[in-house]
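K.L.:
This is the structure I want to talk about, given as structure tokens.
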Amino acid sequence: MIIVMGPEVTDEQVGTVVKKLEAAGLKANVSRGIERTVIGAIGDERKLEADMFTSLPGVESAMHIAKQYKIVSREAHKKNTVIDIRGVPLGGNQIQIIGGPCSVETQEQMDLSAKYVKEAGCRLMRGGAFKPRTSPYAFQGHGVEGLDMFRKAADKFNLPIVTELMDARQIDAFMEYDVDVIQIGTRNMQNFDLLKEVGRINKPVILKRGMSATISEWLMSAEYIAAGGNHNIIFCERGIRTFETAYRNVLDVTAIPVLKKETHLPVIVDPSHAGGKAWMVPALSQAAIAAGADGLLIEMHPSPCDAWCDADQALTPDELKKLMGTLGVIAGAIGRTL
Ligand code: PEP
Ligand code: MN
């Protein structure tokens, strides 16, 4: 951390800052310039907050120099992390497409979905058993019964399952049904107690971006999970809120290369919740793969107009299959495989 003192700083004020740094276990390097005195903190500055210093007399500003996240940072781990999901690698050269319905509805719907996901060439399946709905009167998901239907359907096609965890009290059921990847939804990206809980579990976690979260807040949320010991984290860009109302959210394609630079962890994109309309999904998917995403999370329903949740944005089985073909071409053009 660098602490910049105001123009008429006194020795006493500099001394107070130095003492505060030393009390926090760091050393101080005082540099007196012609216009400003600058104090550099030497040591682990992550335990310092800027306002510990800006609230002191004579201090003009204070800023962190080191990144606030460390385990998830590429500085800490240069090579890409490849997460093994029951034999399916995510984060390596091969791109993974996770397909499936928004929510688990019936056993028949899940059996059909699993069949179509497999036929399209996807190696992982999605489906929500616990649904975070804006209205408390909307379908909330079948809960544990939904996990059961999902597991049965996916097992028939040997597809690892991805499903959303909303509450730490559901973790036992997730372990019982051996959920392969835990999804933390946009609304829970900063539910720090939930992040701490999944940090203690030995399961890969997809961390969706909060709908109004900055990249650095998102990285800090991942750090919460990593700090608990679980380093198998996958970032998922799912669109952010802006002033634009022509689509559900704005897919932040720029976040892909930025995250790939900042972290060694895999980055995937959810084009379905970004666009909010099925017809936008192919274009957004193609853009995401071209920009370097390691995978996609795509909603597909055997019969989209009958979907209980997010009907507008679900691809038909045929549309998913066709999209997989074009994604394969883009993957090849950038030296990757699908
Ligand atoms: C979902 O993937 O079903 C979902 C609810 O997504 P998000 O958290 O991005 O809204
Ligand atoms: Mn959905």
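Naming scheme: A, B, ... for chains in displayed order of the structure tokens; residues 1 onward per chain; ligands 1 onward as shown.
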Output as a tab-separated table one row per residue of chain A within 10 Å of ligand 2: the closest atom pair and its distance in Å to one decimal place, counting only C-alpha atoms and all ligand atoms, sorted by chain and residue number ascending.

P.N.:
residue	atom	partner	partner_atom_place_in_ligand_line	distance
A:Gly100	CA	ligand 2	1 (Mn)	9.9
A:Pro101	CA	ligand 2	1 (Mn)	7.5
A:Cys102	CA	ligand 2	1 (Mn)	4.1
A:Ser103	CA	ligand 2	1 (Mn)	7.0
A:Gly127	CA	ligand 2	1 (Mn)	8.6
A:Gly128	CA	ligand 2	1 (Mn)	8.0
A:Lys131	CA	ligand 2	1 (Mn)	8.4
A:Pro132	CA	ligand 2	1 (Mn)	9.2
A:Arg133	CA	ligand 2	1 (Mn)	9.4
A:Asp270	CA	ligand 2	1 (Mn)	9.8
A:Ser272	CA	ligand 2	1 (Mn)	7.4
A:His273	CA	ligand 2	1 (Mn)	6.3
A:Gly276	CA	ligand 2	1 (Mn)	8.8
A:Ile298	CA	ligand 2	1 (Mn)	9.2
A:Glu299	CA	ligand 2	1 (Mn)	6.9
A:Met300	CA	ligand 2	1 (Mn)	9.8
A:Trp308	CA	ligand 2	1 (Mn)	9.8
A:Cys309	CA	ligand 2	1 (Mn)	6.4
A:Asp310	CA	ligand 2	1 (Mn)	5.1
A:Ala311	CA	ligand 2	1 (Mn)	8.4
A:Asp312	CA	ligand 2	1 (Mn)	9.6
A:Gln313	CA	ligand 2	1 (Mn)	7.9
A:Ala314	CA	ligand 2	1 (Mn)	8.3

K.L.:
Write down as an MDAnalysis selection string the residues of segment 2-195 of chain A whose backbone DSSP state falls under helix (DSSP H, G or I).

P.N.:
chainID A and resid 11:23 45:47 51:54 107:120 144:156 168:176 186:188 192:195

K.L.:
From the options A:Gly229, A:Gly210, A:Pro282, A:Pro257, which residue's atoms come nearest to ligand 1, counting only C-alpha atoms and all ligand atoms?

P.N.:
A:Gly210

K.L.:
Would you list the contacts of segment 90-95 of chain A as a count of residues only, taking every protein, DNA or RNA residue within 7 Å and counting only C-alpha atoms, but skipping same-chain residues closer than 5 positions in sequence?

P.N.:
11

K.L.:
If DSSP is run on the backbone, what residues of segment 78-238 of chain A are strand (DSSP E or B)? A reply as a ChimeraX atom specification would be ideal.

P.N.:
/A:83-85,88-90,94,96-100,103,124-126,128,161-164,181-184,205-208,233-237

K.L.:
Segment 169-183 of chain A: which residues within 6 Å, counting only C-alpha atoms, same-chain residues fewer than 5 positions away excluded, as a PDB file with all heavy atoms, in the first residue's frame?

P.N.:
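And here is the file that came out, selection_34.pdb:
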ATOM      1  N   PRO A 160     -22.018 -35.784 -16.447  1.00  0.00           N
ATOM      2  CA  PRO A 160     -21.884 -35.113 -15.148  1.00  0.00           C
ATOM      3  C   PRO A 160     -22.904 -33.962 -15.044  1.00  0.00           C
ATOM      4  O   PRO A 160     -23.257 -33.348 -16.060  1.00  0.00           O
ATOM      5  CB  PRO A 160     -20.453 -34.553 -15.175  1.00  0.00           C
ATOM      6  CG  PRO A 160     -19.747 -35.334 -16.235  1.00  0.00           C
ATOM      7  CD  PRO A 160     -20.786 -35.682 -17.251  1.00  0.00           C
ATOM      8  N   ILE A 161     -23.372 -33.694 -13.828  1.00  0.00           N
ATOM      9  CA  ILE A 161     -24.437 -32.694 -13.678  1.00  0.00           C
ATOM     10  C   ILE A 161     -23.981 -31.405 -12.991  1.00  0.00           C
ATOM     11  O   ILE A 161     -23.160 -31.412 -12.084  1.00  0.00           O
ATOM     12  CB  ILE A 161     -25.681 -33.286 -12.961  1.00  0.00           C
ATOM     13  CG1 ILE A 161     -25.388 -33.704 -11.516  1.00  0.00           C
ATOM     14  CG2 ILE A 161     -26.223 -34.482 -13.738  1.00  0.00           C
ATOM     15  CD1 ILE A 161     -26.645 -34.117 -10.734  1.00  0.00           C
ATOM     16  N   VAL A 162     -24.567 -30.310 -13.489  1.00  0.00           N
ATOM     17  CA  VAL A 162     -24.308 -28.967 -12.966  1.00  0.00           C
ATOM     18  C   VAL A 162     -25.636 -28.425 -12.456  1.00  0.00           C
ATOM     19  O   VAL A 162     -26.612 -28.374 -13.211  1.00  0.00           O
ATOM     20  CB  VAL A 162     -23.805 -28.041 -14.112  1.00  0.00           C
ATOM     21  CG1 VAL A 162     -23.616 -26.611 -13.615  1.00  0.00           C
ATOM     22  CG2 VAL A 162     -22.536 -28.587 -14.751  1.00  0.00           C
ATOM     23  N   THR A 163     -25.697 -28.011 -11.192  1.00  0.00           N
ATOM     24  CA  THR A 163     -26.968 -27.493 -10.672  1.00  0.00           C
ATOM     25  C   THR A 163     -26.726 -26.447  -9.588  1.00  0.00           C
ATOM     26  O   THR A 163     -25.684 -26.450  -8.919  1.00  0.00           O
ATOM     27  CB  THR A 163     -27.868 -28.662 -10.205  1.00  0.00           C
ATOM     28  OG1 THR A 163     -29.209 -28.188 -10.055  1.00  0.00           O
ATOM     29  CG2 THR A 163     -27.400 -29.287  -8.907  1.00  0.00           C
ATOM     30  N   GLU A 164     -27.674 -25.540  -9.452  1.00  0.00           N
ATOM     31  CA  GLU A 164     -27.471 -24.385  -8.561  1.00  0.00           C
ATOM     32  C   GLU A 164     -27.741 -24.692  -7.093  1.00  0.00           C
ATOM     33  O   GLU A 164     -28.756 -25.305  -6.744  1.00  0.00           O
ATOM     34  CB  GLU A 164     -28.358 -23.215  -9.027  1.00  0.00           C
ATOM     35  CG  GLU A 164     -28.174 -21.990  -8.130  1.00  0.00           C
ATOM     36  CD  GLU A 164     -28.752 -20.688  -8.687  1.00  0.00           C
ATOM     37  OE1 GLU A 164     -29.188 -20.656  -9.849  1.00  0.00           O
ATOM     38  OE2 GLU A 164     -28.764 -19.704  -7.920  1.00  0.00           O
ATOM     39  N   PRO A 204     -16.138 -29.100  -7.834  1.00  0.00           N
ATOM     40  CA  PRO A 204     -15.953 -27.876  -8.632  1.00  0.00           C
ATOM     41  C   PRO A 204     -17.153 -26.944  -8.483  1.00  0.00           C
ATOM     42  O   PRO A 204     -18.288 -27.402  -8.319  1.00  0.00           O
ATOM     43  CB  PRO A 204     -15.854 -28.411 -10.069  1.00  0.00           C
ATOM     44  CG  PRO A 204     -15.502 -29.850  -9.941  1.00  0.00           C
ATOM     45  CD  PRO A 204     -16.113 -30.324  -8.647  1.00  0.00           C
ATOM     46  N   VAL A 205     -16.863 -25.657  -8.552  1.00  0.00           N
ATOM     47  CA  VAL A 205     -17.905 -24.635  -8.382  1.00  0.00           C
ATOM     48  C   VAL A 205     -17.913 -23.698  -9.594  1.00  0.00           C
ATOM     49  O   VAL A 205     -16.862 -23.191  -9.986  1.00  0.00           O
ATOM     50  CB  VAL A 205     -17.632 -23.777  -7.110  1.00  0.00           C
ATOM     51  CG1 VAL A 205     -18.670 -22.664  -6.973  1.00  0.00           C
ATOM     52  CG2 VAL A 205     -17.613 -24.651  -5.864  1.00  0.00           C
ATOM     53  N   ILE A 206     -19.093 -23.510 -10.180  1.00  0.00           N
ATOM     54  CA  ILE A 206     -19.242 -22.467 -11.203  1.00  0.00           C
ATOM     55  C   ILE A 206     -19.718 -21.228 -10.468  1.00  0.00           C
ATOM     56  O   ILE A 206     -20.765 -21.238  -9.819  1.00  0.00           O
ATOM     57  CB  ILE A 206     -20.272 -22.876 -12.284  1.00  0.00           C
ATOM     58  CG1 ILE A 206     -19.696 -23.984 -13.180  1.00  0.00           C
ATOM     59  CG2 ILE A 206     -20.660 -21.658 -13.137  1.00  0.00           C
ATOM     60  CD1 ILE A 206     -20.626 -24.449 -14.295  1.00  0.00           C
TER      61      ILE A 206
END

K.L.:
Have a look at A:Asn230, A:Asn249, A:Thr263, A:Gln286 and name the one nearest to Thr186 of chain A; count only C-alpha atoms.

P.N.:
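Using only C-alpha atoms, Thr186 of chain A sits closest to A:Asn249.
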
K.L.:
Contacts of segment 69-75 of chain A at 12 Å or less, counting only C-alpha atoms, minus same-chain residues fewer than 5 places along, as a PyMOL selection string?

P.N.:
chain A and resi 44-47+64+80-81+215-235+258-266

K.L.:
What is the distance between atom CA of Arg126 of chain A and atom CA of Asp155 of chain A, in Å to one decimal?

P.N.:
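Going from atom CA of Arg126 of chain A over to atom CA of Asp155 of chain A, I get 12.9 Å.
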
K.L.:
With only C-alpha atoms and all ligand atoms as the atoms that count, which of A:Leu195, A:Ile184, A:Ala246, A:Ala138 lies nearest to ligand 1?

P.N.:
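So, comparing all the options, the nearest one is A:Ile184.
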
K.L.:
A:Gly121, A:Gly325, A:Pro304, A:Gly33: which is nearest Phe157 of chain A, counting only C-alpha atoms?

P.N.:
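Smallest distance to Phe157 of chain A is found for A:Gly121.
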
K.L.:
Arg248 of chain A: which residues within 9 Å, counting only C-alpha atoms, same-chain residues fewer than 2 positions away excluded, as a tab-separated table (two decimals) with N, CA, C and O atoms, in the first residue's frame?

P.N.:
chain	number	residue	atom	x	y	z
A	239	GLY	N	-23.81	-12.01	-18.35
A	239	GLY	CA	-24.45	-10.74	-18.70
A	239	GLY	C	-24.60	-9.87	-17.46
A	239	GLY	O	-24.84	-10.37	-16.36
A	240	ILE	N	-24.45	-8.57	-17.70
A	240	ILE	CA	-24.56	-7.61	-16.60
A	240	ILE	C	-25.68	-6.62	-16.89
A	240	ILE	O	-26.11	-6.47	-18.03
A	241	ARG	N	-26.11	-5.92	-15.85
A	241	ARG	CA	-27.19	-4.93	-16.01
A	241	ARG	C	-26.62	-3.61	-16.46
A	241	ARG	O	-25.65	-3.12	-15.88
A	244	GLU	N	-29.35	-0.58	-21.06
A	244	GLU	CA	-29.99	-1.15	-22.25
A	244	GLU	C	-31.14	-2.09	-21.86
A	244	GLU	O	-31.00	-2.88	-20.94
A	245	THR	N	-32.25	-1.94	-22.56
A	245	THR	CA	-33.41	-2.79	-22.22
A	245	THR	C	-33.82	-3.70	-23.39
A	245	THR	O	-34.81	-4.42	-23.28
A	246	ALA	N	-33.08	-3.65	-24.50
A	246	ALA	CA	-33.46	-4.44	-25.67
A	246	ALA	C	-33.18	-5.93	-25.50
A	246	ALA	O	-33.65	-6.74	-26.29
A	250	VAL	N	-26.47	-7.46	-20.68
A	250	VAL	CA	-25.43	-7.20	-21.69
A	250	VAL	C	-24.31	-8.21	-21.47
A	250	VAL	O	-23.69	-8.24	-20.40
A	273	HIS	N	-28.81	-16.57	-20.42
A	273	HIS	CA	-29.27	-15.54	-19.48
A	273	HIS	C	-28.78	-14.15	-19.88
A	273	HIS	O	-29.33	-13.15	-19.41
A	274	ALA	N	-27.75	-14.09	-20.73
A	274	ALA	CA	-27.29	-12.78	-21.22
A	274	ALA	C	-28.32	-12.22	-22.19
A	274	ALA	O	-28.90	-11.16	-21.95
A	275	GLY	N	-28.58	-12.94	-23.26
A	275	GLY	CA	-29.49	-12.42	-24.28
A	275	GLY	C	-30.95	-12.49	-23.85
A	275	GLY	O	-31.72	-11.56	-24.07
A	276	GLY	N	-31.32	-13.62	-23.26
A	276	GLY	CA	-32.71	-13.78	-22.82
A	276	GLY	C	-33.66	-14.21	-23.93
A	276	GLY	O	-34.85	-14.42	-23.68
A	277	LYS	N	-33.15	-14.36	-25.15
A	277	LYS	CA	-33.96	-14.82	-26.28
A	277	LYS	C	-33.17	-15.89	-27.01
A	277	LYS	O	-31.96	-15.71	-27.27

K.L.:
Please determine, counting only C-alpha atoms and all ligand atoms, which residue among A:Ala291, A:Ala333, A:Met211, A:Val9 has the shortest atom-to-atom distance to ligand 1.

P.N.:
A:Met211

K.L.:
Of the candidates A:Glu105, A:Leu165, A:Thr326, A:Asp193, which one gets nearest to Asp306 of chain A if we count only C-alpha atoms?

P.N.:
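Smallest separation from Asp306 of chain A among the options: A:Glu105.
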
K.L.:
Record the distance separating atom CA of Cys122 of chain A and atom CA of Ile98 of chain A, expressed in Å with one decimal.

P.N.:
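Interatomic distance here is 6.1 Å.
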